[in-house]
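Asks: Mind looking over this structure? Questions follow.
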Amino acid sequence: MPFFYDADVEWKGERRGELRSPNLPALGVAAPPEFQGHEGIWTPEHLYVASVNACFMTTFLAIAHNSKLEIVSFSAKARGKLEKVEGIGYQMTEIILRPRLVIRASRDLERARRILEKAEKNCLISNSVKSAIKVEPEL
């Protein structure tokens with residue numbers, strides 16, 4: 001059964017907009033300064049990297065919960081690399097995730113490593129980054 005997630009954006013002037021979705025707070029978005037955008041506002045590039053990082057976390061937490069792994073803390077840093085690729089244009093060519101995990105028992109270290117690997121393989125956003133994009137304009 002498919003699930004659907006809606007995100008609407010409205011232009012607010014210059015290279016800024018407001019991102020909305022039902023039952024979620026609005027989020028200001030803009031082009032990054034490197035592309036004549038604005039400092040201090042979420043950009044599509046940041047959101048792209050953040051979505052991979054957030055998905056990795058939630059996937060890991062789900063697998064850890066099902067595996068009864070006792071977590072003390074979890075955090076992850078993510079860094080995306082945007083490059084100009086010949087014949088394609090700008091593309092996010094790499095995202096490095098650096099999770100930091102503290103578990104209750106040292107005897108679970110190897111199991112925790114396996115769960116992290118499983119989360120990497122099963123993150124739906126990571127597995128979807130080559131999704132088909134269809135543009136259906138209304139003029």
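Residue numbering restarts at 1 in every chain; chains get A, B, ... in the order shown in the structure tokens, and ligands count up from 1 in that same order.
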What lies within 12 Å of Leu24 (chain A) using only C-alpha atoms, ignoring chain neighbours under 2 positions off, as a PyMOL selection string?
Replies: chain A and resi 5-8+19-22+26-27
Asks: With region 119-125 of chain A as the partner and 12 Å as the cut-off, tabulate the residues of region 63-106 of chain A that qualify, each row holding the nearest pair of atoms and their distance in Å to one decimal, using only C-alpha atoms, sorted by chain and rising number, as a Markdown table.
Replies:
| residue | atom | partner | partner_atom | distance |
| --- | --- | --- | --- | --- |
| A:Ile63 | CA | A:Ala119 | CA | 7.1 |
| A:Ala64 | CA | A:Ala119 | CA | 9.1 |
| A:His65 | CA | A:Ala119 | CA | 12.0 |
| A:Ile95 | CA | A:Glu120 | CA | 11.9 |
| A:Ile96 | CA | A:Glu120 | CA | 11.3 |
| A:Leu97 | CA | A:Glu120 | CA | 9.4 |
| A:Arg98 | CA | A:Glu120 | CA | 11.4 |
| A:Pro99 | CA | A:Glu120 | CA | 10.8 |
Asks: Which residues, written as a list in words, have at least one atom at most 8 Å from Glu94 (chain A), with only C-alpha atoms counted and residues fewer than 6 positions away on the same chain left out?
Replies: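 Residues meeting the cut-off are Gly80, Lys81 and Leu82 of chain A.
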Asks: From the DSSP assignment of the backbone, select every residue of chain A that is helix (DSSP H, G or I), and format the answer as a PyMOL selection string.
Replies: chain A and resi 33-35+44-66+106-122+126-128
Asks: Determine which residues of region 19-132 of chain A DSSP labels as strand (DSSP E or B) from the backbone of this structure, then write them out as JSON, numbers by chain.
Replies: {"A": [19, 20, 27, 28, 29, 30, 42, 71, 72, 73, 74, 75, 76, 77, 78, 79, 80, 81, 82, 83, 84, 85, 89, 90, 91, 92, 93, 94, 95, 96, 97, 98, 99, 100, 101, 102, 103]}
Asks: Keeping only C-alpha atoms, write those residues as a short mmCIF file (atom, residue, chain, number, x, y, z; two decimals), in the first residue's frame.
Replies:
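File out32.cif, as written:
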data_model
loop_
_atom_site.label_atom_id
_atom_site.label_comp_id
_atom_site.auth_asym_id
_atom_site.auth_seq_id
_atom_site.Cartn_x
_atom_site.Cartn_y
_atom_site.Cartn_z
CA LEU A 19 7.59 25.21 2.95
CA ARG A 20 4.38 23.80 4.40
CA LEU A 27 9.68 26.29 7.40
CA GLY A 28 11.49 29.12 5.64
CA VAL A 29 13.62 27.93 2.72
CA ALA A 30 15.95 29.69 0.30
CA TRP A 42 17.26 26.11 5.39
CA ILE A 71 20.50 2.76 23.79
CA VAL A 72 21.81 5.42 26.14
CA SER A 73 22.23 8.07 23.45
CA PHE A 74 22.33 8.51 19.68
CA SER A 75 23.35 11.46 17.53
CA ALA A 76 24.66 11.73 13.99
CA LYS A 77 26.43 14.35 11.96
CA ALA A 78 25.93 14.40 8.20
CA ARG A 79 27.91 16.21 5.53
CA GLY A 80 26.85 16.36 1.92
CA LYS A 81 29.20 17.07 -0.96
CA LEU A 82 27.74 19.13 -3.82
CA GLU A 83 29.74 19.06 -7.03
CA LYS A 84 29.32 20.03 -10.63
CA VAL A 85 29.26 16.79 -12.60
CA GLY A 89 25.17 19.72 -13.61
CA TYR A 90 25.22 20.11 -9.85
CA GLN A 91 24.68 16.92 -7.93
CA MET A 92 24.99 15.81 -4.34
CA THR A 93 27.69 13.20 -4.97
CA GLU A 94 28.25 12.00 -1.43
CA ILE A 95 26.78 12.15 2.04
CA ILE A 96 28.92 11.06 4.96
CA LEU A 97 27.03 10.04 8.09
CA ARG A 98 28.88 9.97 11.39
CA PRO A 99 26.62 8.37 13.99
CA ARG A 100 27.65 8.46 17.63
CA LEU A 101 26.06 5.73 19.68
CA VAL A 102 26.27 4.94 23.37
CA ILE A 103 24.74 1.63 24.43
#
Asks: Expressed in Å to a single decimal, how great is the separation between CA of Arg16 (chain A) and CA of Ala31 (chain A)?
Replies: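 Spanning CA of Arg16 (chain A) to CA of Ala31 (chain A) is a straight-line distance of 6.9 Å.
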Asks: Would you work out the distance separating CA of Arg107 (chain A) from CA of Lys68 (chain A), expressed in Å to one decimal?
Replies: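 We find that CA of Arg107 (chain A) and CA of Lys68 (chain A) lie 13.3 Å from each other.
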Asks: Quick check, in Å to one decimal: how far apart do CA of Ala54 (chain A) and CA of Arg111 (chain A) lie?
Replies: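 Computing it gives 21.4 Å between the two atoms.
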